[in-house]
file final_27.txt (compact mmCIF, C-alpha atoms)
# COMPACT_ATOMS: atom_id res chain seq x y z
CA MET A 120 -27.22 -22.55 51.33
CA GLU A 121 -28.24 -19.08 50.13
CA PHE A 122 -28.29 -17.91 46.51
CA ALA A 123 -27.46 -14.72 44.61
CA SER A 124 -27.06 -14.42 40.86
CA VAL A 125 -23.73 -12.63 41.37
CA VAL A 126 -21.38 -12.57 44.33
CA VAL A 127 -19.00 -9.59 44.54
CA ILE A 128 -15.92 -10.25 46.65
CA GLY A 129 -14.41 -7.05 48.07
CA ALA A 130 -15.86 -3.58 48.67
CA GLY A 131 -13.05 -1.25 47.68
CA GLN A 132 -13.37 1.11 44.71
CA ALA A 133 -13.72 -1.71 42.17
CA GLY A 134 -16.22 -3.73 44.20
CA LEU A 135 -18.40 -0.71 44.93
CA SER A 136 -18.41 0.26 41.27
CA ALA A 137 -19.50 -3.27 40.33
CA ALA A 138 -22.25 -3.28 42.97
CA TYR A 139 -23.53 0.10 41.75
CA HIS A 140 -23.79 -1.09 38.14
CA LEU A 141 -25.32 -4.44 39.11
CA THR A 142 -27.94 -2.56 41.13
CA ARG A 143 -28.72 -0.26 38.21
CA GLY A 144 -29.02 -3.30 35.95
CA GLY A 145 -31.48 -5.00 38.28
CA ILE A 146 -29.19 -8.00 38.87
CA ASP A 147 -29.55 -9.55 42.31
CA HIS A 148 -26.22 -9.78 44.08
CA VAL A 149 -24.45 -9.70 47.41
CA VAL A 150 -21.12 -8.10 48.35
CA PHE A 151 -18.75 -9.69 50.84
CA ASP A 152 -16.04 -7.55 52.42
CA ALA A 153 -13.43 -8.83 54.86
CA ASN A 154 -12.89 -5.39 56.40
CA PRO A 155 -14.77 -4.36 59.54
CA ALA A 156 -15.90 -1.04 58.05
CA PRO A 157 -16.27 0.72 54.68
CA GLY A 158 -13.19 2.04 52.94
CA GLY A 159 -11.39 -0.98 51.53
CA ALA A 160 -7.63 -0.92 52.06
CA TRP A 161 -7.70 2.85 52.58
CA GLN A 162 -8.69 2.41 56.22
CA HIS A 163 -5.36 0.64 56.86
CA ARG A 164 -3.01 3.26 55.38
CA TRP A 165 -0.44 4.91 57.58
CA GLU A 166 -1.45 7.96 59.59
CA SER A 167 0.74 10.51 57.82
CA LEU A 168 -0.48 9.61 54.31
CA SER A 169 -2.65 12.69 53.97
CA VAL A 170 -5.12 13.46 51.20
CA GLY A 171 -2.66 15.95 49.72
CA LYS A 172 -0.04 13.22 49.18
CA LEU A 173 -2.31 10.93 47.18
CA ASN A 174 -2.27 10.33 43.49
CA ARG A 175 -5.68 11.36 42.20
CA ILE A 176 -8.62 9.35 43.56
CA PHE A 177 -11.38 9.19 40.97
CA ASP A 178 -15.03 9.69 41.85
CA LEU A 179 -17.13 6.63 42.43
CA PRO A 180 -19.89 6.30 39.81
CA GLY A 181 -22.83 8.60 40.35
CA MET A 182 -21.35 10.47 43.32
CA ARG A 183 -18.72 13.18 43.25
CA GLN A 184 -16.21 13.29 46.06
CA PRO A 185 -16.83 15.90 48.71
CA ALA A 186 -14.16 18.51 49.27
CA MET A 187 -11.39 16.92 51.31
CA ASP A 188 -8.90 18.73 53.52
CA PRO A 189 -5.46 17.96 52.00
CA ARG A 190 -4.06 17.71 55.56
CA GLU A 191 -6.55 15.05 56.67
CA PRO A 192 -5.31 11.44 56.83
CA SER A 193 -6.48 9.55 53.76
CA ARG A 194 -7.44 6.63 56.00
CA ASP A 195 -10.20 8.83 57.44
CA ALA A 196 -11.29 10.88 54.41
CA VAL A 197 -11.56 8.16 51.75
CA PRO A 198 -13.44 5.59 53.90
CA ARG A 199 -15.92 8.32 54.89
CA TYR A 200 -16.63 8.91 51.18
CA PHE A 201 -17.00 5.17 50.52
CA ALA A 202 -19.37 4.78 53.48
CA GLU A 203 -21.59 7.58 52.21
CA PHE A 204 -21.64 5.96 48.75
CA GLU A 205 -22.80 2.65 50.24
CA ARG A 206 -25.56 4.43 52.19
CA ALA A 207 -26.71 6.55 49.27
CA TYR A 208 -27.23 3.57 46.97
CA GLY A 209 -28.34 1.05 49.60
CA LEU A 210 -25.65 -1.45 48.66
CA ASP A 211 -25.90 -4.89 50.27
CA VAL A 212 -22.40 -5.19 51.73
CA ARG A 213 -21.93 -7.96 54.30
CA ARG A 214 -18.96 -7.40 56.63
CA PRO A 215 -16.76 -8.57 58.07
CA VAL A 216 -17.11 -11.66 55.90
CA ARG A 217 -14.06 -13.44 54.52
CA VAL A 218 -14.40 -15.63 51.45
CA MET A 219 -12.48 -18.84 52.03
CA SER A 220 -12.93 -20.53 48.63
CA VAL A 221 -14.79 -20.46 45.33
CA GLU A 222 -15.29 -23.73 43.47
CA TYR A 223 -17.38 -25.30 40.74
CA ALA A 224 -20.68 -26.82 41.83
CA ASP A 225 -20.44 -29.45 39.07
CA ASP A 226 -18.88 -30.17 35.66
CA ASP A 227 -21.40 -28.06 33.72
CA GLU A 228 -19.55 -25.22 31.96
CA ARG A 229 -22.50 -22.94 32.70
CA GLY A 230 -23.15 -24.41 36.12
CA ASP A 231 -23.19 -22.59 39.42
CA LEU A 232 -20.26 -21.73 41.65
CA ILE A 233 -20.06 -22.42 45.37
CA VAL A 234 -18.73 -19.57 47.53
CA THR A 235 -17.67 -20.62 51.02
CA THR A 236 -17.27 -17.86 53.58
CA ASP A 237 -16.61 -17.71 57.31
CA ALA A 238 -20.29 -16.73 57.66
CA GLY A 239 -21.92 -19.41 55.53
CA THR A 240 -22.03 -20.87 52.02
CA TRP A 241 -23.62 -19.36 48.92
CA ARG A 242 -24.48 -20.65 45.47
CA THR A 243 -24.12 -18.22 42.59
CA ARG A 244 -24.18 -17.99 38.81
CA ALA A 245 -21.04 -15.84 38.66
CA ILE A 246 -18.53 -13.89 40.72
CA ILE A 247 -16.82 -10.54 40.45
CA ASN A 248 -13.57 -10.68 42.40
CA ALA A 249 -12.41 -7.28 43.68
CA THR A 250 -10.14 -8.26 46.56
CA GLY A 251 -7.20 -6.11 45.48
CA THR A 252 -3.75 -6.78 46.92
CA TRP A 253 -3.56 -5.39 50.46
CA ASN A 254 -3.80 -8.76 52.18
CA ASN A 255 -1.08 -10.36 50.06
CA PRO A 256 2.14 -8.42 50.71
CA LEU A 257 5.26 -9.48 48.83
CA LEU A 258 8.07 -10.29 51.25
CA PRO A 259 11.22 -11.40 49.42
CA HIS A 260 13.46 -13.87 51.23
CA TYR A 261 17.13 -13.01 51.58
CA PRO A 262 19.80 -15.27 53.09
CA GLY A 263 20.12 -14.69 56.83
CA ALA A 264 16.73 -12.99 57.28
CA GLU A 265 15.86 -15.30 60.16
CA THR A 266 19.04 -14.27 62.06
CA PHE A 267 18.28 -10.53 62.05
CA ARG A 268 17.98 -9.14 65.59
CA GLY A 269 16.21 -5.95 64.60
CA ARG A 270 12.68 -5.38 63.30
CA GLN A 271 11.42 -6.35 59.86
CA LEU A 272 8.11 -5.00 58.62
CA HIS A 273 6.22 -4.43 55.40
CA THR A 274 4.63 -1.22 54.13
CA ARG A 275 1.26 -2.45 55.33
CA ASP A 276 2.63 -2.67 58.89
CA TYR A 277 3.85 0.94 58.97
CA THR A 278 1.76 3.18 61.20
CA ARG A 279 3.69 6.20 62.47
CA LEU A 280 6.95 8.05 62.09
CA GLU A 281 7.91 8.14 65.75
CA ASP A 282 8.48 4.38 65.82
CA PHE A 283 11.73 4.96 63.87
CA ARG A 284 13.22 7.98 65.63
CA GLY A 285 16.99 7.72 66.08
CA GLN A 286 17.23 4.34 64.36
CA ARG A 287 19.10 3.05 61.31
CA VAL A 288 16.50 2.02 58.74
CA ALA A 289 16.96 0.12 55.47
CA ILE A 290 14.06 0.87 53.11
CA VAL A 291 13.71 -1.66 50.31
CA GLY A 292 11.67 -0.97 47.18
CA GLY A 293 11.60 1.38 44.20
CA GLY A 294 7.89 2.14 44.09
CA ILE A 295 5.82 5.11 45.20
CA SER A 296 5.38 3.85 48.77
CA GLY A 297 9.10 3.23 49.15
CA VAL A 298 9.98 6.80 48.17
CA GLN A 299 7.19 8.28 50.30
CA LEU A 300 8.41 6.40 53.37
CA LEU A 301 12.04 7.21 52.61
CA GLU A 302 11.26 10.92 52.55
CA GLU A 303 9.24 10.72 55.74
CA ILE A 304 11.37 8.40 57.88
CA SER A 305 14.61 10.13 56.88
CA ARG A 306 13.47 13.16 58.88
CA VAL A 307 13.96 11.29 62.16
CA ALA A 308 16.22 8.34 61.27
CA ASP A 309 19.35 7.38 59.38
CA THR A 310 18.01 5.79 56.19
CA ARG A 311 19.48 3.77 53.34
CA TRP A 312 17.42 3.10 50.22
CA TYR A 313 17.82 -0.19 48.35
CA THR A 314 16.31 -1.27 45.03
CA ARG A 315 16.96 -4.21 42.69
CA ARG A 316 17.03 -1.96 39.64
CA GLU A 317 18.03 1.64 39.13
CA PRO A 318 14.83 3.70 39.57
CA VAL A 319 13.60 5.56 36.51
CA PHE A 320 12.33 9.08 37.20
CA THR A 321 10.12 10.66 34.58
CA ASP A 322 9.58 14.33 33.89
CA GLY A 323 6.12 15.72 33.33
CA GLU A 324 2.81 15.11 35.00
CA PHE A 325 1.00 11.78 34.98
CA THR A 326 -2.32 12.26 33.16
CA PRO A 327 -5.05 9.67 32.57
CA GLU A 328 -5.42 10.80 28.95
CA THR A 329 -1.76 10.21 27.98
CA THR A 330 0.48 8.40 30.43
CA GLY A 331 -2.46 6.57 31.97
CA ARG A 332 -3.78 5.31 28.65
CA ASP A 333 -0.34 4.12 27.51
CA THR A 334 0.17 2.28 30.80
CA ILE A 335 -3.20 0.57 30.66
CA GLU A 336 -2.50 -0.58 27.10
CA LYS A 337 0.77 -2.19 28.20
CA VAL A 338 -0.75 -3.94 31.22
CA THR A 339 -3.75 -5.05 29.15
CA ALA A 340 -1.46 -6.60 26.55
CA ALA A 341 0.32 -8.54 29.31
CA VAL A 342 -2.84 -10.02 30.85
CA GLU A 343 -4.40 -10.78 27.47
CA ALA A 344 -1.27 -12.83 26.74
CA GLY A 345 -1.61 -14.61 30.08
CA LEU A 346 1.53 -13.04 31.50
CA PRO A 347 1.87 -11.92 35.12
CA SER A 348 1.43 -8.15 35.19
CA GLY A 349 3.98 -6.10 37.09
CA SER A 350 3.55 -3.04 39.28
CA ILE A 351 2.19 0.15 37.75
CA VAL A 352 5.46 1.97 38.57
CA GLY A 353 7.28 -0.66 36.53
CA TYR A 354 5.43 0.71 33.50
CA THR A 355 5.31 4.42 34.33
CA GLY A 356 8.48 5.14 36.30
CA LEU A 357 8.56 7.45 39.30
CA GLY A 358 7.34 11.00 38.92
CA TRP A 359 8.95 14.10 40.40
CA THR A 360 6.32 14.65 43.05
CA SER A 361 6.53 16.87 46.10
CA TYR A 362 7.94 14.03 48.21
CA THR A 363 10.53 12.85 45.64
CA ILE A 364 11.72 16.43 45.21
CA ALA A 365 11.87 16.93 48.99
CA ALA A 366 13.89 13.72 49.42
CA ARG A 367 16.26 14.74 46.62
CA ASP A 368 16.76 18.25 47.97
CA ARG A 369 17.59 16.90 51.44
CA GLY A 370 20.13 14.49 49.94
CA VAL A 371 18.38 11.28 51.01
CA LEU A 372 17.19 10.13 47.58
CA VAL A 373 20.32 8.02 47.15
CA ARG A 374 19.77 4.57 45.76
CA HIS A 375 21.96 1.63 46.80
CA PRO A 376 22.11 -1.68 44.90
CA MET A 377 20.23 -4.46 46.66
CA PHE A 378 22.14 -6.04 49.53
CA THR A 379 23.15 -9.69 49.14
CA ALA A 380 22.46 -11.02 52.64
CA ILE A 381 21.01 -10.13 56.01
CA GLU A 382 23.11 -10.56 59.13
CA PRO A 383 22.14 -10.31 62.82
CA ASP A 384 22.96 -6.58 63.07
CA GLY A 385 22.68 -5.33 59.52
CA VAL A 386 23.02 -6.13 55.83
CA ARG A 387 25.88 -7.16 53.57
CA GLU A 388 26.16 -4.68 50.72
CA ALA A 389 26.59 -5.60 47.05
CA ASP A 390 30.24 -4.46 47.23
CA GLY A 391 30.92 -6.73 50.23
CA SER A 392 30.88 -4.01 52.88
CA PHE A 393 28.66 -4.18 55.97
CA ALA A 394 25.92 -1.67 56.83
CA PRO A 395 24.57 -1.74 60.41
CA VAL A 396 20.75 -1.63 60.47
CA ASP A 397 18.12 -1.61 63.24
CA VAL A 398 15.05 -1.93 61.00
CA ILE A 399 14.36 -3.35 57.53
CA LEU A 400 11.22 -1.88 55.96
CA TRP A 401 10.10 -3.90 52.95
CA ALA A 402 8.27 -1.52 50.58
CA THR A 403 8.23 -4.33 48.05
CA GLY A 404 4.64 -4.19 46.96
CA PHE A 405 1.82 -6.67 46.84
CA ARG A 406 0.40 -9.45 44.73
CA ALA A 407 -3.22 -10.11 43.84
CA ASP A 408 -5.10 -11.55 46.80
CA ILE A 409 -6.79 -14.43 44.96
CA GLY A 410 -5.83 -17.55 46.92
CA HIS A 411 -9.53 -18.27 47.52
CA LEU A 412 -9.89 -18.80 43.75
CA ASP A 413 -7.33 -21.62 43.64
CA PRO A 414 -10.03 -24.34 43.28
CA LEU A 415 -10.96 -22.77 39.91
CA TYR A 416 -7.46 -23.38 38.45
CA LEU A 417 -7.22 -19.95 36.80
CA VAL A 418 -3.45 -19.46 37.02
CA ASN A 419 -1.51 -20.75 34.01
CA GLU A 420 1.96 -22.28 33.74
CA MET A 421 3.52 -18.80 33.42
CA GLY A 422 2.03 -17.69 36.72
CA GLY A 423 -0.47 -15.33 35.09
CA ILE A 424 -4.19 -15.35 34.40
CA ARG A 425 -5.24 -14.80 30.80
CA MET A 426 -7.97 -12.18 30.61
CA THR A 427 -10.36 -10.71 28.07
CA ASN A 428 -11.32 -7.31 29.46
CA THR A 429 -12.49 -8.18 33.01
CA GLN A 430 -13.37 -11.80 32.24
CA VAL A 431 -11.02 -14.71 32.77
CA TRP A 432 -10.41 -16.11 29.30
CA GLY A 433 -12.83 -18.92 28.52
CA GLU A 434 -14.61 -18.55 31.89
CA PRO A 435 -17.60 -16.16 31.65
CA ARG A 436 -18.59 -16.89 35.26
CA VAL A 437 -15.44 -15.26 36.69
CA HIS A 438 -14.50 -11.59 36.41
CA LEU A 439 -11.44 -10.00 38.04
CA ILE A 440 -11.49 -6.26 38.67
CA GLY A 441 -8.98 -4.06 40.43
CA PHE A 442 -6.60 -6.52 38.80
CA GLY A 443 -4.01 -6.01 36.06
CA PRO A 444 -4.97 -2.94 34.01
CA SER A 445 -7.78 -1.98 36.41
CA GLN A 446 -5.53 -1.51 39.48
CA SER A 447 -5.87 2.28 39.31
CA THR A 448 -8.93 4.01 40.73
CA VAL A 449 -10.20 5.12 37.31
CA GLY A 450 -9.52 1.64 35.94
CA ALA A 451 -11.39 0.09 38.86
CA ASN A 452 -14.45 2.22 38.14
CA ARG A 453 -14.52 1.22 34.49
CA ALA A 454 -13.86 -2.44 35.28
CA GLY A 455 -16.80 -2.56 37.68
CA ARG A 456 -19.06 -1.18 34.97
CA ASP A 457 -17.70 -3.53 32.31
CA ALA A 458 -18.00 -6.63 34.49
CA ALA A 459 -21.62 -5.80 35.36
CA ARG A 460 -22.47 -5.30 31.67
CA GLU A 461 -20.81 -8.57 30.64
CA LEU A 462 -22.64 -10.49 33.35
CA ALA A 463 -25.96 -8.92 32.34
CA ARG A 464 -25.43 -10.50 28.92
CA TYR A 465 -24.28 -13.81 30.38
CA LEU A 466 -27.23 -14.05 32.78
CA ALA A 467 -29.85 -13.05 30.20
CA PRO A 468 -32.31 -15.86 29.33
CA VAL A 469 -31.25 -17.83 26.27
CA SER A 470 -33.74 -17.33 23.44
CA VAL A 471 -34.90 -20.37 21.49
call {"tool": "encode", "arguments": {"input": "final_27.txt", "output": "structure tokens"}}
result
Amino acid sequence: MEFASVVVIGAGQAGLSAAYHLTRGGIDHVVFDANPAPGGAWQHRWESLSVGKLNRIFDLPGMRQPAMDPREPSRDAVPRYFAEFERAYGLDVRRPVRVMSVEYADDDERGDLIVTTDAGTWRTRAIINATGTWNNPLLPHYPGAETFRGRQLHTRDYTRLEDFRGQRVAIVGGGISGVQLLEEISRVADTRWYTRREPVFTDGEFTPETTGRDTIEKVTAAVEAGLPSGSIVGYTGLGWTSYTIAARDRGVLVRHPMFTAIEPDGVREADGSFAPVDVILWATGFRADIGHLDPLYLVNEMGGIRMTNTQVWGEPRVHLIGFGPSQSTVGANRAGRDAARELARYLAPVSV
């Protein structure tokens, strides 16, 4: 069994930020990443999600982003930047390594943790979990789903526009990805957009200093109370971006109430009518990918995890980043720094 003072799980923006600050603080650590290459979840995004369509990606600590062609696929440009960051700072990222479980080594409240991976077992003083959400897609179950003769897929399964040409596509979800895919797929297919609630569109530009700060305060309040935090769009609403405006101007930004059932050749609408459908695309978001932490019993009876900044409440050995209020790229950067600072204090020798 190998040992590191801190194990970082995940090498997306949050994990890389944590590794950078741990390195600067002289804290020995190792980073495990389940992906085959640098880039976190960005390497899995769909081909047409170009740099120019992204919400702002904040610089990693200590390294400004290079100029990126707005027409280049983000799944190429962002991972290239992450890879250069790893090289520049000599980060010890082991990949592909999947963490299977994290558990207590014993009953000592300051005892070690055991991290079991598909490439061996490690003992550690503390963990920083930065696994994000990409590998835990939310797929709601609707009556009759198993009878559907067409295709059902999630946002994470979407790769290219041509797969939908000439088809009838139901797009489910009121978040950013849902609207982006609606605008895109509607160019070659007959689309219908379904959401559980009426989408709220907000005027004005999203800025970290105003809208961003207000949003983070709301999400922080939720996790500090131990409540499950919702999607960021649930707090901010949808902005009038280039793709929402394009969808509106082409007459495809038409929301339908959520259907009540799925039938072999389509969906049963809320008003009882039938809509024939070839494909159901679930743009229904993700949940935190933290199943490997189940042996630590962090989730409370409300389904949330109570947090104090990046630390799980009452558990200084476990920090969650890229989680709750630190889901954004700027939040992930700050969370990585904060977790490293907190662990520096926790790991410091106790004076007598």
call {"tool": "residues_around", "arguments": {"input": "final_27.txt", "residues": "Leu173 of chain A", "least_positions_apart": "5", "cutoff": "10 Å", "atoms": "all atoms listed in the file", "output": "list in words"}}
result
Leu168, Pro189 and Ser193 of chain A
call {"tool": "closest_residue", "arguments": {"input": "final_27.txt", "among": "A:Gly297, A:Gly404, A:Pro215, A:Pro192", "to": "Asp237 of chain A", "atoms": "only C-alpha atoms"}}
result
A:Pro215
call {"tool": "closest_residue", "arguments": {"input": "final_27.txt", "among": "A:Glu461, A:Asp188, A:Asp227, A:Glu302", "to": "Ser169 of chain A", "atoms": "all atoms listed in the file"}}
result
A:Asp188
call {"tool": "closest_residue", "arguments": {"input": "final_27.txt", "among": "A:Asn428, A:Pro395, A:Thr142, A:Thr379", "to": "Gly263 of chain A", "atoms": "all atoms listed in the file"}}
result
A:Thr379
call {"tool": "closest_residue", "arguments": {"input": "final_27.txt", "among": "A:Leu412, A:Val298, A:Ala196, A:Ala308", "to": "Ala366 of chain A", "atoms": "all atoms listed in the file"}}
result
A:Val298
call {"tool": "decode", "arguments": {"input": "final_27.txt", "residues": "segment 407-430 of chain A", "atoms": "N, CA, C and O atoms", "output": "PDB file, in the first residue's frame"}}
result
ATOM      1  N   ALA A 407     -23.609  15.115  -8.770  1.00  0.00           N
ATOM      2  CA  ALA A 407     -22.228  14.937  -8.334  1.00  0.00           C
ATOM      3  C   ALA A 407     -21.838  13.467  -8.407  1.00  0.00           C
ATOM      4  O   ALA A 407     -22.573  12.587  -7.962  1.00  0.00           O
ATOM      5  N   ASP A 408     -20.663  13.221  -8.965  1.00  0.00           N
ATOM      6  CA  ASP A 408     -20.158  11.865  -9.140  1.00  0.00           C
ATOM      7  C   ASP A 408     -19.339  11.490  -7.897  1.00  0.00           C
ATOM      8  O   ASP A 408     -18.111  11.565  -7.885  1.00  0.00           O
ATOM      9  N   ILE A 409     -20.050  11.086  -6.837  1.00  0.00           N
ATOM     10  CA  ILE A 409     -19.377  10.842  -5.555  1.00  0.00           C
ATOM     11  C   ILE A 409     -19.750   9.485  -4.962  1.00  0.00           C
ATOM     12  O   ILE A 409     -19.616   9.276  -3.751  1.00  0.00           O
ATOM     13  N   GLY A 410     -20.181   8.545  -5.790  1.00  0.00           N
ATOM     14  CA  GLY A 410     -20.534   7.225  -5.289  1.00  0.00           C
ATOM     15  C   GLY A 410     -19.388   6.528  -4.570  1.00  0.00           C
ATOM     16  O   GLY A 410     -19.610   5.730  -3.647  1.00  0.00           O
ATOM     17  N   HIS A 411     -18.149   6.815  -4.982  1.00  0.00           N
ATOM     18  CA  HIS A 411     -16.990   6.193  -4.342  1.00  0.00           C
ATOM     19  C   HIS A 411     -16.786   6.665  -2.905  1.00  0.00           C
ATOM     20  O   HIS A 411     -16.009   6.069  -2.155  1.00  0.00           O
ATOM     21  N   LEU A 412     -17.493   7.744  -2.512  1.00  0.00           N
ATOM     22  CA  LEU A 412     -17.395   8.249  -1.140  1.00  0.00           C
ATOM     23  C   LEU A 412     -18.474   7.678  -0.226  1.00  0.00           C
ATOM     24  O   LEU A 412     -18.526   8.037   0.962  1.00  0.00           O
ATOM     25  N   ASP A 413     -19.316   6.803  -0.740  1.00  0.00           N
ATOM     26  CA  ASP A 413     -20.407   6.243   0.068  1.00  0.00           C
ATOM     27  C   ASP A 413     -19.940   5.635   1.390  1.00  0.00           C
ATOM     28  O   ASP A 413     -20.627   5.786   2.410  1.00  0.00           O
ATOM     29  N   PRO A 414     -18.787   4.936   1.438  1.00  0.00           N
ATOM     30  CA  PRO A 414     -18.364   4.351   2.719  1.00  0.00           C
ATOM     31  C   PRO A 414     -18.086   5.376   3.820  1.00  0.00           C
ATOM     32  O   PRO A 414     -17.946   5.001   4.997  1.00  0.00           O
ATOM     33  N   LEU A 415     -18.009   6.676   3.463  1.00  0.00           N
ATOM     34  CA  LEU A 415     -17.759   7.717   4.454  1.00  0.00           C
ATOM     35  C   LEU A 415     -19.047   8.268   5.056  1.00  0.00           C
ATOM     36  O   LEU A 415     -18.996   9.062   6.008  1.00  0.00           O
ATOM     37  N   TYR A 416     -20.194   7.890   4.505  1.00  0.00           N
ATOM     38  CA  TYR A 416     -21.512   8.300   5.021  1.00  0.00           C
ATOM     39  C   TYR A 416     -21.626   9.826   5.135  1.00  0.00           C
ATOM     40  O   TYR A 416     -21.962  10.365   6.185  1.00  0.00           O
ATOM     41  N   LEU A 417     -21.366  10.517   4.034  1.00  0.00           N
ATOM     42  CA  LEU A 417     -21.403  11.977   4.031  1.00  0.00           C
ATOM     43  C   LEU A 417     -22.788  12.540   3.752  1.00  0.00           C
ATOM     44  O   LEU A 417     -23.106  13.652   4.187  1.00  0.00           O
ATOM     45  N   VAL A 418     -23.614  11.802   3.034  1.00  0.00           N
ATOM     46  CA  VAL A 418     -24.926  12.307   2.612  1.00  0.00           C
ATOM     47  C   VAL A 418     -25.904  12.225   3.777  1.00  0.00           C
ATOM     48  O   VAL A 418     -26.009  11.183   4.444  1.00  0.00           O
ATOM     49  N   ASN A 419     -26.622  13.314   4.029  1.00  0.00           N
ATOM     50  CA  ASN A 419     -27.561  13.348   5.143  1.00  0.00           C
ATOM     51  C   ASN A 419     -28.955  12.889   4.731  1.00  0.00           C
ATOM     52  O   ASN A 419     -29.179  12.505   3.577  1.00  0.00           O
ATOM     53  N   GLU A 420     -29.896  12.952   5.678  1.00  0.00           N
ATOM     54  CA  GLU A 420     -31.251  12.452   5.431  1.00  0.00           C
ATOM     55  C   GLU A 420     -32.005  13.281   4.393  1.00  0.00           C
ATOM     56  O   GLU A 420     -32.994  12.829   3.825  1.00  0.00           O
ATOM     57  N   MET A 421     -31.535  14.502   4.106  1.00  0.00           N
ATOM     58  CA  MET A 421     -32.171  15.341   3.087  1.00  0.00           C
ATOM     59  C   MET A 421     -31.594  15.098   1.704  1.00  0.00           C
ATOM     60  O   MET A 421     -32.046  15.686   0.725  1.00  0.00           O
ATOM     61  N   GLY A 422     -30.578  14.253   1.619  1.00  0.00           N
ATOM     62  CA  GLY A 422     -29.945  13.983   0.334  1.00  0.00           C
ATOM     63  C   GLY A 422     -28.839  14.947  -0.012  1.00  0.00           C
ATOM     64  O   GLY A 422     -28.318  14.914  -1.129  1.00  0.00           O
ATOM     65  N   GLY A 423     -28.462  15.814   0.924  1.00  0.00           N
ATOM     66  CA  GLY A 423     -27.382  16.773   0.687  1.00  0.00           C
ATOM     67  C   GLY A 423     -26.160  16.444   1.522  1.00  0.00           C
ATOM     68  O   GLY A 423     -26.144  15.482   2.300  1.00  0.00           O
ATOM     69  N   ILE A 424     -25.121  17.228   1.346  1.00  0.00           N
ATOM     70  CA  ILE A 424     -23.906  17.112   2.154  1.00  0.00           C
ATOM     71  C   ILE A 424     -23.638  18.489   2.754  1.00  0.00           C
ATOM     72  O   ILE A 424     -23.443  19.464   2.022  1.00  0.00           O
ATOM     73  N   ARG A 425     -23.645  18.558   4.069  1.00  0.00           N
ATOM     74  CA  ARG A 425     -23.415  19.846   4.720  1.00  0.00           C
ATOM     75  C   ARG A 425     -21.945  20.214   4.606  1.00  0.00           C
ATOM     76  O   ARG A 425     -21.061  19.390   4.882  1.00  0.00           O
ATOM     77  N   MET A 426     -21.701  21.449   4.186  1.00  0.00           N
ATOM     78  CA  MET A 426     -20.334  21.885   3.914  1.00  0.00           C
ATOM     79  C   MET A 426     -20.003  23.154   4.695  1.00  0.00           C
ATOM     80  O   MET A 426     -20.884  23.970   4.984  1.00  0.00           O
ATOM     81  N   THR A 427     -18.734  23.327   4.998  1.00  0.00           N
ATOM     82  CA  THR A 427     -18.187  24.592   5.469  1.00  0.00           C
ATOM     83  C   THR A 427     -17.065  24.955   4.516  1.00  0.00           C
ATOM     84  O   THR A 427     -16.000  24.327   4.540  1.00  0.00           O
ATOM     85  N   ASN A 428     -17.305  25.925   3.644  1.00  0.00           N
ATOM     86  CA  ASN A 428     -16.395  26.234   2.546  1.00  0.00           C
ATOM     87  C   ASN A 428     -16.200  24.961   1.721  1.00  0.00           C
ATOM     88  O   ASN A 428     -17.175  24.395   1.242  1.00  0.00           O
ATOM     89  N   THR A 429     -14.989  24.451   1.572  1.00  0.00           N
ATOM     90  CA  THR A 429     -14.800  23.228   0.775  1.00  0.00           C
ATOM     91  C   THR A 429     -14.851  21.960   1.622  1.00  0.00           C
ATOM     92  O   THR A 429     -14.891  20.858   1.087  1.00  0.00           O
ATOM     93  N   GLN A 430     -14.840  22.115   2.938  1.00  0.00           N
ATOM     94  CA  GLN A 430     -14.754  20.965   3.838  1.00  0.00           C
ATOM     95  C   GLN A 430     -16.135  20.412   4.169  1.00  0.00           C
ATOM     96  O   GLN A 430     -17.080  21.170   4.396  1.00  0.00           O
TER      97      GLN A 430
END
